[in-house]
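Structure file final-v9.cif; described as mmCIF, C-alpha atoms and all ligand atoms.
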data_target
loop_
_atom_site.label_atom_id
_atom_site.label_comp_id
_atom_site.auth_asym_id
_atom_site.auth_seq_id
_atom_site.Cartn_x
_atom_site.Cartn_y
_atom_site.Cartn_z
CA MET A 951 -262.45 -274.34 -6.66
CA ILE A 952 -265.70 -276.22 -7.30
CA LEU A 953 -267.23 -274.91 -4.05
CA SER A 954 -266.53 -271.28 -4.80
CA PHE A 955 -267.74 -271.90 -8.37
CA GLY A 956 -271.18 -272.92 -7.08
CA LEU A 957 -271.42 -270.02 -4.63
CA ASN A 958 -270.38 -267.41 -7.18
CA VAL A 959 -272.82 -268.70 -9.76
CA GLN A 960 -275.64 -268.91 -7.17
CA LYS A 961 -275.22 -265.23 -6.35
CA ALA A 962 -275.30 -264.06 -9.96
CA LEU A 963 -277.74 -266.44 -11.62
CA LEU A 964 -279.58 -265.12 -14.69
CA GLN A 965 -282.99 -266.28 -15.86
CA SER A 966 -281.42 -267.69 -19.02
CA ASP A 967 -279.05 -269.78 -16.84
CA VAL A 968 -281.93 -272.07 -15.81
CA GLN A 969 -283.34 -274.71 -18.18
CA SER A 970 -285.88 -277.47 -17.80
CA LYS A 971 -284.95 -281.10 -18.50
CA THR A 972 -287.24 -283.64 -20.18
CA ASP A 973 -288.28 -284.91 -16.73
CA LYS A 974 -289.35 -281.29 -15.93
CA THR A 975 -286.66 -280.86 -13.26
CA PRO A 976 -284.49 -277.73 -13.41
CA VAL A 977 -280.89 -277.70 -14.55
CA THR A 978 -278.64 -274.65 -14.46
CA VAL A 979 -275.30 -273.49 -15.81
CA ALA A 980 -273.96 -274.38 -12.34
CA ASP A 981 -275.01 -278.05 -12.67
CA TYR A 982 -273.26 -278.34 -16.05
CA GLY A 983 -270.27 -276.23 -15.01
CA SER A 984 -269.73 -278.15 -11.79
CA GLN A 985 -269.85 -281.48 -13.67
CA ALA A 986 -267.36 -280.17 -16.25
CA LEU A 987 -264.99 -279.01 -13.49
CA VAL A 988 -265.15 -282.21 -11.41
CA SER A 989 -264.69 -284.30 -14.52
CA PHE A 990 -261.77 -282.12 -15.69
CA VAL A 991 -260.07 -282.41 -12.29
CA LEU A 992 -260.56 -286.21 -12.20
CA GLN A 993 -258.97 -286.39 -15.64
CA GLN A 994 -256.02 -284.23 -14.60
CA GLU A 995 -255.43 -286.02 -11.30
CA LEU A 996 -256.05 -289.66 -12.19
CA HIS A 997 -253.92 -289.72 -15.37
CA ALA A 998 -255.98 -292.66 -16.56
CA GLU A 999 -259.37 -293.52 -17.99
CA PHE A 1000 -262.13 -293.44 -15.42
CA SER A 1001 -265.79 -294.35 -15.22
CA LEU A 1002 -268.18 -291.65 -14.05
CA VAL A 1003 -271.87 -292.13 -13.24
CA ALA A 1004 -273.11 -288.55 -13.22
CA GLU A 1005 -276.45 -286.78 -13.37
CA GLU A 1006 -275.89 -284.46 -16.33
CA ASP A 1007 -274.83 -284.98 -19.96
CA SER A 1008 -274.23 -282.68 -22.91
CA LYS A 1009 -277.16 -283.85 -25.08
CA ASP A 1010 -279.37 -280.77 -24.62
CA LEU A 1011 -276.33 -278.49 -24.85
CA ARG A 1012 -275.49 -279.83 -28.31
CA LYS A 1013 -278.95 -278.96 -29.70
CA ASP A 1014 -279.56 -275.98 -31.98
CA GLY A 1015 -280.00 -272.79 -30.00
CA ALA A 1016 -277.89 -273.89 -27.03
CA GLN A 1017 -274.74 -272.07 -28.16
CA GLU A 1018 -275.31 -269.10 -25.85
CA ILE A 1019 -275.72 -271.21 -22.70
CA VAL A 1020 -272.67 -273.32 -23.64
CA GLU A 1021 -270.62 -270.14 -23.95
CA ARG A 1022 -271.88 -268.96 -20.56
CA ILE A 1023 -270.95 -272.31 -18.93
CA THR A 1024 -267.52 -272.17 -20.60
CA LYS A 1025 -266.92 -268.65 -19.30
CA LEU A 1026 -267.93 -269.63 -15.74
CA VAL A 1027 -265.71 -272.73 -15.87
CA ASN A 1028 -262.72 -270.74 -17.16
CA ASP A 1029 -263.26 -267.97 -14.57
CA SER A 1030 -263.19 -270.61 -11.88
CA LEU A 1031 -260.04 -272.31 -13.27
CA THR A 1032 -258.29 -268.93 -13.49
CA SER A 1033 -259.20 -267.79 -9.98
CA ASP A 1034 -258.15 -271.17 -8.54
CA GLY A 1035 -254.85 -271.20 -10.43
CA SER A 1036 -254.06 -274.92 -10.01
CA TYR A 1037 -254.34 -275.65 -13.73
CA ASN A 1038 -252.95 -273.27 -16.29
CA VAL A 1039 -255.52 -273.92 -19.02
CA THR A 1040 -258.38 -272.27 -20.86
CA LEU A 1041 -261.09 -274.65 -22.05
CA SER A 1042 -262.95 -274.23 -25.35
CA THR A 1043 -266.71 -274.78 -25.57
CA GLU A 1044 -266.00 -278.21 -27.11
CA ASP A 1045 -263.58 -279.04 -24.25
CA VAL A 1046 -266.36 -278.21 -21.76
CA LEU A 1047 -268.92 -280.38 -23.60
CA THR A 1048 -266.38 -283.21 -23.78
CA ALA A 1049 -265.58 -282.85 -20.05
CA ILE A 1050 -269.29 -283.04 -19.15
CA ASP A 1051 -269.51 -286.43 -20.88
CA SER A 1052 -266.10 -287.82 -20.05
CA GLY A 1053 -266.03 -291.27 -18.51
CA ILE A 1054 -269.81 -291.44 -18.69
CA SER A 1055 -271.01 -294.86 -17.58
CA GLU A 1056 -273.87 -296.76 -16.00
CA GLY A 1057 -271.83 -298.05 -13.04
CA GLY A 1058 -272.44 -301.60 -11.83
CA CYS A 1059 -271.01 -304.23 -9.53
CA GLN A 1060 -267.59 -304.58 -11.12
CA GLY A 1061 -264.58 -302.31 -10.92
CA ARG A 1062 -264.40 -298.69 -9.83
CA HIS A 1063 -266.91 -295.99 -10.67
CA TRP A 1064 -266.98 -292.37 -9.60
CA VAL A 1065 -270.49 -291.16 -8.82
CA LEU A 1066 -271.32 -287.47 -9.13
CA ASP A 1067 -274.22 -285.15 -8.45
CA PRO A 1068 -272.70 -281.83 -9.58
CA ILE A 1069 -275.45 -279.78 -7.90
CA ASP A 1070 -277.68 -281.84 -5.65
CA GLY A 1071 -280.80 -279.95 -4.65
CA THR A 1072 -280.99 -277.68 -7.68
CA LYS A 1073 -284.30 -276.29 -6.38
CA GLY A 1074 -282.59 -275.28 -3.12
CA PHE A 1075 -279.74 -273.79 -5.11
CA LEU A 1076 -282.23 -271.67 -7.08
CA ARG A 1077 -283.98 -270.52 -3.89
CA GLY A 1078 -280.64 -269.48 -2.36
CA ASP A 1079 -280.94 -272.30 0.19
CA GLN A 1080 -279.07 -275.55 0.76
CA TYR A 1081 -277.45 -277.58 -1.99
CA ALA A 1082 -274.53 -279.97 -2.19
CA ILE A 1083 -271.86 -281.16 -4.57
CA ALA A 1084 -271.65 -284.89 -4.04
CA LEU A 1085 -268.86 -287.16 -5.23
CA ALA A 1086 -268.38 -290.80 -4.26
CA LEU A 1087 -266.29 -293.75 -5.39
CA LEU A 1088 -267.73 -297.24 -5.81
CA ASP A 1089 -265.48 -300.28 -5.78
CA GLY A 1090 -267.11 -303.62 -6.51
CA GLY A 1091 -270.54 -302.04 -5.99
CA LYS A 1092 -269.71 -300.66 -2.51
CA VAL A 1093 -269.17 -297.00 -1.62
CA VAL A 1094 -265.56 -296.66 -0.46
CA LEU A 1095 -265.14 -292.88 -0.50
CA GLY A 1096 -267.46 -289.90 -0.30
CA VAL A 1097 -267.08 -286.15 -0.40
CA LEU A 1098 -270.01 -283.88 0.27
CA ALA A 1099 -269.60 -280.15 -0.15
CA CYS A 1100 -272.35 -278.02 1.37
CA PRO A 1101 -271.46 -274.37 0.59
CA ASN A 1102 -274.47 -272.90 2.43
CA LEU A 1103 -274.52 -275.13 5.50
CA PRO A 1104 -273.67 -273.24 8.74
CA LEU A 1105 -270.43 -274.31 10.41
CA THR A 1106 -272.20 -274.65 13.74
CA SER A 1107 -275.02 -277.06 14.42
CA LEU A 1108 -278.43 -276.23 12.96
CA LYS A 1109 -279.94 -277.20 16.31
CA ASP A 1110 -277.84 -274.65 18.23
CA ALA A 1111 -278.45 -271.66 16.06
CA GLY A 1112 -281.55 -272.26 13.99
CA GLN A 1113 -280.43 -272.10 10.36
CA HIS A 1114 -277.60 -269.60 10.96
CA SER A 1115 -274.38 -269.65 12.96
CA PRO A 1116 -273.66 -266.56 15.09
CA ASN A 1117 -271.33 -265.05 12.50
CA ASN A 1118 -273.32 -266.43 9.62
CA GLU A 1119 -270.32 -268.56 8.77
CA VAL A 1120 -271.28 -271.19 6.22
CA GLY A 1121 -269.56 -273.75 4.03
CA CYS A 1122 -268.85 -277.32 5.12
CA LEU A 1123 -266.97 -280.12 3.45
CA PHE A 1124 -267.71 -283.64 4.73
CA PHE A 1125 -265.51 -286.55 3.68
CA ALA A 1126 -265.33 -290.19 4.57
CA GLU A 1127 -263.32 -293.21 3.54
CA VAL A 1128 -264.44 -296.73 4.35
CA GLY A 1129 -263.11 -297.68 7.80
CA GLY A 1130 -261.63 -294.23 8.41
CA GLY A 1131 -264.49 -292.26 9.97
CA THR A 1132 -266.08 -289.01 8.79
CA TYR A 1133 -264.51 -285.57 8.92
CA MET A 1134 -265.90 -282.08 8.47
CA GLN A 1135 -263.74 -279.23 7.26
CA PRO A 1136 -264.78 -275.60 7.02
CA LEU A 1137 -264.73 -274.15 3.52
CA ASP A 1138 -262.22 -271.51 4.63
CA GLY A 1139 -259.57 -274.23 4.67
CA SER A 1140 -259.12 -274.51 8.45
CA SER A 1141 -258.47 -277.96 9.81
CA ALA A 1142 -260.83 -280.92 9.61
CA ALA A 1143 -262.38 -282.55 12.66
CA LYS A 1144 -263.92 -285.98 13.11
CA VAL A 1145 -267.72 -286.00 13.43
CA GLN A 1146 -270.18 -288.46 14.96
CA VAL A 1147 -273.91 -288.94 14.59
CA SER A 1148 -276.17 -288.05 17.50
CA ALA A 1149 -276.10 -290.52 20.40
CA VAL A 1150 -279.73 -289.80 21.29
CA GLU A 1151 -281.55 -292.96 22.39
CA ASN A 1152 -284.88 -291.47 23.35
CA PRO A 1153 -286.90 -290.60 20.23
CA GLU A 1154 -288.66 -287.83 22.18
CA GLU A 1155 -285.35 -285.98 22.15
CA ALA A 1156 -284.65 -286.67 18.47
CA SER A 1157 -285.36 -284.23 15.68
CA PHE A 1158 -285.74 -285.28 12.06
CA PHE A 1159 -284.78 -284.03 8.62
CA GLU A 1160 -286.81 -284.26 5.46
CA SER A 1161 -286.93 -282.67 1.99
CA TYR A 1162 -287.84 -279.04 1.76
CA GLU A 1163 -289.86 -279.90 -1.34
CA ALA A 1164 -293.11 -281.72 -0.60
CA ALA A 1165 -292.94 -283.07 -4.17
CA HIS A 1166 -289.74 -284.98 -3.27
CA SER A 1167 -290.91 -286.72 -0.12
CA MET A 1168 -294.27 -287.42 1.53
CA HIS A 1169 -294.41 -285.01 4.45
CA ASP A 1170 -297.65 -286.48 5.79
CA LEU A 1171 -296.08 -289.93 6.05
CA SER A 1172 -292.98 -288.67 7.86
CA SER A 1173 -295.18 -286.71 10.23
CA LEU A 1174 -297.08 -289.90 11.10
CA ILE A 1175 -293.81 -291.80 11.65
CA ALA A 1176 -292.48 -289.00 13.88
CA GLN A 1177 -295.73 -288.97 15.85
CA LYS A 1178 -295.54 -292.75 16.43
CA LEU A 1179 -291.94 -292.38 17.62
CA GLY A 1180 -292.88 -289.55 19.97
CA VAL A 1181 -290.64 -286.98 18.27
CA LYS A 1182 -291.56 -283.60 19.75
CA THR A 1183 -289.84 -281.06 17.52
CA PRO A 1184 -291.12 -280.06 14.07
CA PRO A 1185 -289.27 -281.42 11.00
CA VAL A 1186 -286.13 -279.66 9.81
CA ARG A 1187 -286.70 -279.23 6.07
CA ILE A 1188 -283.62 -278.63 3.99
CA ASP A 1189 -282.67 -279.47 0.42
CA SER A 1190 -280.15 -281.98 -0.88
CA GLN A 1191 -277.64 -284.31 0.73
CA ALA A 1192 -276.81 -281.48 3.15
CA LYS A 1193 -279.27 -283.51 5.29
CA TYR A 1194 -276.78 -286.41 5.41
CA GLY A 1195 -273.95 -283.99 6.28
CA ALA A 1196 -275.94 -282.31 9.05
CA LEU A 1197 -277.00 -285.71 10.43
CA SER A 1198 -273.41 -287.01 10.39
CA ARG A 1199 -272.40 -284.30 12.87
CA GLY A 1200 -275.46 -284.82 15.08
CA ASP A 1201 -277.55 -281.77 14.13
CA GLY A 1202 -280.55 -284.09 14.10
CA ALA A 1203 -280.92 -287.82 14.64
CA ILE A 1204 -283.26 -288.99 11.87
CA TYR A 1205 -283.66 -288.45 8.11
CA LEU A 1206 -286.89 -289.66 6.45
CA ARG A 1207 -287.25 -289.78 2.68
CA PHE A 1208 -290.38 -291.19 1.05
CA PRO A 1209 -290.64 -290.17 -2.61
CA HIS A 1210 -294.04 -290.24 -4.27
CA LYS A 1211 -295.07 -293.36 -6.18
CA GLY A 1212 -293.21 -293.94 -9.42
CA TYR A 1213 -290.03 -292.01 -8.56
CA ARG A 1214 -286.82 -294.04 -8.84
CA GLU A 1215 -283.90 -292.96 -6.67
CA LYS A 1216 -280.51 -292.46 -8.34
CA ILE A 1217 -277.16 -293.51 -6.83
CA TRP A 1218 -275.68 -290.00 -7.14
CA ASP A 1219 -278.36 -288.70 -4.75
CA HIS A 1220 -277.23 -290.99 -1.91
CA ALA A 1221 -273.75 -292.52 -2.41
CA ALA A 1222 -271.64 -289.74 -0.84
CA GLY A 1223 -274.25 -288.99 1.85
CA CYS A 1224 -274.54 -292.66 2.75
CA ILE A 1225 -270.83 -293.19 3.52
CA VAL A 1226 -270.60 -289.82 5.28
CA VAL A 1227 -273.34 -290.97 7.67
CA THR A 1228 -272.29 -294.61 8.08
CA GLU A 1229 -268.65 -293.72 8.80
CA ALA A 1230 -269.94 -291.30 11.45
CA GLY A 1231 -271.71 -294.23 13.14
CA GLY A 1232 -275.13 -293.98 11.50
CA VAL A 1233 -277.28 -296.48 9.60
CA VAL A 1234 -278.89 -295.97 6.18
CA THR A 1235 -281.53 -298.43 4.99
CA ASP A 1236 -284.68 -298.65 2.92
CA ALA A 1237 -288.08 -298.87 4.61
CA ALA A 1238 -287.68 -302.65 4.96
CA GLY A 1239 -284.39 -302.26 6.82
CA GLN A 1240 -282.21 -303.36 3.89
CA PRO A 1241 -278.95 -301.52 3.18
CA LEU A 1242 -278.84 -299.48 -0.04
CA ASP A 1243 -277.42 -301.44 -2.98
CA PHE A 1244 -275.24 -299.24 -5.17
CA SER A 1245 -274.19 -302.09 -7.45
CA LYS A 1246 -277.17 -302.19 -9.82
CA GLY A 1247 -276.34 -299.31 -12.16
CA LYS A 1248 -277.54 -295.75 -11.90
CA HIS A 1249 -280.78 -296.55 -10.06
CA LEU A 1250 -281.25 -297.55 -6.45
CA ASP A 1251 -284.11 -299.98 -6.10
CA VAL A 1252 -285.33 -299.28 -2.61
CA ASP A 1253 -288.41 -300.58 -0.83
CA THR A 1254 -290.70 -297.53 -0.44
CA GLY A 1255 -288.20 -295.03 0.95
CA ILE A 1256 -284.92 -294.32 2.69
CA ILE A 1257 -284.45 -293.92 6.44
CA VAL A 1258 -281.36 -292.84 8.32
CA THR A 1259 -280.58 -292.72 12.03
CA ASN A 1260 -278.15 -293.98 14.68
CA GLN A 1261 -277.81 -297.67 15.59
CA LYS A 1262 -279.78 -297.37 18.83
CA LEU A 1263 -282.82 -295.70 17.28
CA MET A 1264 -282.98 -297.80 14.10
CA PRO A 1265 -285.10 -300.69 15.49
CA LEU A 1266 -287.65 -298.21 16.91
CA LEU A 1267 -287.66 -296.22 13.68
CA LEU A 1268 -288.17 -299.34 11.56
CA ASN A 1269 -291.17 -300.32 13.68
CA ALA A 1270 -292.70 -296.86 13.39
CA VAL A 1271 -292.14 -296.93 9.62
CA LYS A 1272 -293.76 -300.37 9.28
CA GLU A 1273 -296.79 -299.35 11.34
CA SER A 1274 -297.21 -296.08 9.50
CA LEU A 1275 -296.97 -297.70 6.07
CA LYS A 1276 -299.61 -300.25 7.12
CA GLU A 1277 -301.89 -297.48 8.32
CA LYS A 1278 -301.45 -295.44 5.15
CA ALA A 1279 -301.87 -298.38 2.77
CA PRO A 1280 -305.16 -298.26 0.87
CA SER A 1281 -307.41 -300.95 2.32
CA SER A 1282 -308.09 -303.74 -0.14
N1 LIG A 1301 -289.85 -285.95 -7.95
C1 LIG A 1301 -288.78 -286.13 -7.20
N2 LIG A 1301 -288.87 -286.88 -6.09
C2 LIG A 1301 -287.79 -287.07 -5.30
N3 LIG A 1301 -286.57 -286.55 -5.57
C3 LIG A 1301 -286.42 -285.81 -6.67
C4 LIG A 1301 -287.52 -285.56 -7.53
N4 LIG A 1301 -287.08 -284.78 -8.54
C5 LIG A 1301 -285.76 -284.56 -8.33
N5 LIG A 1301 -285.36 -285.18 -7.20
C6 LIG A 1301 -284.00 -285.21 -6.67
O1 LIG A 1301 -284.06 -285.31 -5.27
C7 LIG A 1301 -282.97 -284.63 -4.70
C8 LIG A 1301 -283.34 -283.46 -3.90
O2 LIG A 1301 -284.11 -283.90 -2.93
P1 LIG A 1301 -284.24 -283.12 -1.63
O3 LIG A 1301 -283.54 -281.81 -1.79
O4 LIG A 1301 -285.69 -283.02 -1.55
O5 LIG A 1301 -283.57 -284.03 -0.66
C9 LIG A 1301 -282.21 -284.13 -5.78
O6 LIG A 1301 -281.26 -285.08 -6.08
C10 LIG A 1301 -283.17 -283.97 -6.86
O7 LIG A 1301 -282.44 -283.91 -8.00
P2 LIG A 1301 -281.35 -282.71 -8.27
O8 LIG A 1301 -280.00 -283.27 -7.97
O9 LIG A 1301 -281.59 -282.49 -9.69
O10 LIG A 1301 -281.72 -281.53 -7.41
MG MG A 1302 -281.24 -282.50 -11.30
MG MG A 1303 -279.56 -284.83 -6.77
MG MG A 1304 -278.23 -282.62 -9.36
#
Now, as a test, write the supplied structure out as structure tokens.
Ligand SMILES: Nc1ncnc2c1ncn2[C@@H]1O[C@H](COP(=O)(O)O)[C@@H](O)[C@H]1OP(=O)(O)O
Ligand SMILES: [Mg+2]
Ligand SMILES: [Mg+2]
Ligand SMILES: [Mg+2]
Amino acid sequence: MILSFGLNVQKALLQSDVQSKTDKTPVTVADYGSQALVSFVLQQELHAEFSLVAEEDSKDLRKDGAQEIVERITKLVNDSLTSDGSYNVTLSTEDVLTAIDSGISEGGCQGRHWVLDPIDGTKGFLRGDQYAIALALLDGGKVVLGVLACPNLPLTSLKDAGQHSPNNEVGCLFFAEVGGGTYMQPLDGSSAAKVQVSAVENPEEASFFESYEAAHSMHDLSSLIAQKLGVKTPPVRIDSQAKYGALSRGDGAIYLRFPHKGYREKIWDHAAGCIVVTEAGGVVTDAAGQPLDFSKGKHLDVDTGIIVTNQKLMPLLLNAVKESLKEKAPSS
């Protein structure tokens, strides 16, 4: 339901459906609608109070002049509920605003917290490119469950067919539970299959992922790291946590993410992707080789950046990262 919601909205997006948040990043009716739907489904299925650390909230939607966009979100949410048919309800605008905020919390090291990015990679979503819907569950500060829906990701490997599978079939759902491995299921509902990260040991044969947006990650730094490793192929630039999904099934062997100075990573941008990759045999660390700590609230305090690869390549990658950071550091 939530997957088809995103795809339908992406195809028919209006200019008025896109707003700018106080941090200047875009937010659309799809971001709000997806959060309302996920939150509504959690409420219906869990039958209990839950804690949700999520990217969006209803503050801007409750301001004067937002009535029209709230009505549009409500219509999209109700269309999606009707076409899915699992829940026989029609939500009011107030129900939708309440759903967007329900369970809202800051997370932390105690108890269970759901973590949601309702549309991850909003800029990719707006371009018609990759985006993801990312939901994870934290228990005692550790990620124990992750679901990553990538409605525009080809079913076949990006490395086999460029960005498109032979029949242009797209839509992948990745899911992982701690200790249970990672599975990928096509969006058409056919059966899920276990996936594994690339077993490549020679960095010359590895390809790497990075952000499509140069504003989200320093492309010059990743290029230097790749050069030091001896990576031969150009970077594969795609938006969102689709990078973690693609890496978990071995489309590429490395993901480099180095945000510009001052940017603080959020847990909803990495929790689902992190377990999807680690359960597929990969390793996710910061630039100092430390695992990501999801127990500190909504922010992830990482040293310099985030790097992802398989266990064999990690020591080589960490060395290349260290050397590159030293080289790039302004001399004192
Ligand atoms: N200035 C920024 N630097 C790094 N990441 C950002 C920045 N602004 C937004 N993001 C978030 O980074 C993620 C996308 O990164 P990428 O696609 O480059 O991997 C998204 O979660 C996006 O938020 P959002 O969820 O609102 O799209
Ligand atoms: Mg956003
Ligand atoms: Mg995001
Ligand atoms: Mg988002």
Using only C-alpha atoms and all ligand atoms, find each residue with an atom at most 7 Å away from ligand LIG 1301 (chain A) and format the answer as a PyMOL selection string. chain A and resi 975-977+1067+1069-1074+1160-1163+1165-1167+1188-1191+1209-1210+1213+1219
Exercise: range 1018-1027 of chain A partners within 12 Å, all atoms listed in the file, chain neighbours under 3 positions left out, as number ranges by chain: A: 951-952, 954-960, 962-969, 977-991, 1008-1015, 1030-1034, 1037, 1039-1050
Could you please determine the separation between CA of Pro1101 in chain A and CA of Cys1122 in chain A in Å, to one decimal place?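 Between CA of Pro1101 in chain A and CA of Cys1122 in chain A the gap works out to 6.0 Å.
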In Å, how far is it from CA of Gly1057 in chain A to CA of Ile1083 in chain A? 18.9 Å
Å distance separating CA of Leu1242 in chain A from CA of Ile1257 in chain A, one decimal place: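 Atom-to-atom, CA of Leu1242 in chain A and CA of Ile1257 in chain A are spaced 10.2 Å apart.
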Which is closest to Pro1184 in chain A among A:Lys1109, A:Asp1243, A:Ala1149, A:Gly1223, if we use all atoms listed in the file?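 Of A:Lys1109, A:Asp1243, A:Ala1149, A:Gly1223, the one nearest Pro1184 in chain A, counting all atoms listed in the file, is A:Lys1109.
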Which residue is closest to Glu1229 in chain A? Choose from A:Leu992, A:Met1264, A:Leu1085, A:Met1134 and count all atoms listed in the file. A:Met1134
Hey, which of A:Pro1136, A:Gly1129, A:Pro1068, A:Gly1096 ends up closest to ligand MG 1302 (chain A)? Count only C-alpha atoms and all ligand atoms. A:Pro1068
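When all atoms listed in the file are used to measure the gap to ligand MG 1303 (chain A), the shortest distance among A:Trp1218, A:Phe1000, A:Phe1159, A:Tyr1133 belongs to A:Trp1218.
The shortest atom-to-atom distance to ligand MG 1302 (chain A), with all atoms listed in the file taken into account, belongs to A:Glu1005 out of A:Asp1089, A:Asp1051, A:Glu1005, A:Glu1273.
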Counting only C-alpha atoms, what is within 12 Å of Asn1269 in chain A, bar same-chain residues fewer than 4 positions away, as number ranges by chain? A: 1175-1176, 1178-1179, 1237-1239, 1257, 1263-1265, 1273-1276
Please determine an axis-aligned box that encloses all atoms of range 965-984 of chain A listed in the file, with 5 Å added on each side, and express its centre and edge lengths in Å to one decimal as JSON.
{"center_x": -279.5, "center_y": -275.6, "center_z": -16.0, "size_x": 29.6, "size_y": 28.6, "size_z": 18.4}
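Among the candidates A:Glu1127, A:Leu1105, A:Asn1118, A:Ala1192, the residue lying nearest to ligand MG 1303 (chain A) is A:Ala1192 (atoms considered: all atoms listed in the file).
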Distance query 8 Å from (-286.4, -298.7, -9.1) using all atoms listed in the file, result as a list in words: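 The residues near that point, listed by chain and number, are Tyr1213, Arg1214, Glu1215, His1249, Leu1250, Asp1251 and Val1252 of chain A.
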Dump as a tab-separated table (two decimals), in the coordinates of the input, selection limited to C-alpha atoms:
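Written output follows (part-v9.tsv):
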chain	number	residue	atom	x	y	z
A	1213	TYR	CA	-290.03	-292.01	-8.56
A	1214	ARG	CA	-286.82	-294.04	-8.84
A	1215	GLU	CA	-283.90	-292.96	-6.67
A	1249	HIS	CA	-280.78	-296.55	-10.06
A	1250	LEU	CA	-281.25	-297.55	-6.45
A	1251	ASP	CA	-284.11	-299.98	-6.10
A	1252	VAL	CA	-285.33	-299.28	-2.61
At a cut-off of 9 Å, using only C-alpha atoms, what residues contact Val1128 in chain A? Leave out same-chain residues fewer than 3 positions from it and give the result as a VMD selection string. chain A and resid 1093 to 1096 1131 1225 1228 to 1229
Please provide the set of residues having any atom within 8 Å of range 1199-1201 of chain A, restricted to only C-alpha atoms, with same-chain residues fewer than 5 positions apart removed, written as a PyMOL selection string. chain A and resi 1107-1109+1145-1149+1230
Neighbouring residues of Val1258 in chain A were defined as those with any atom within 7 Å, considering only C-alpha atoms; residues of the same chain fewer than 2 positions away were excluded. Please report them as number ranges by chain. A: 1204-1206, 1233-1235, 1256
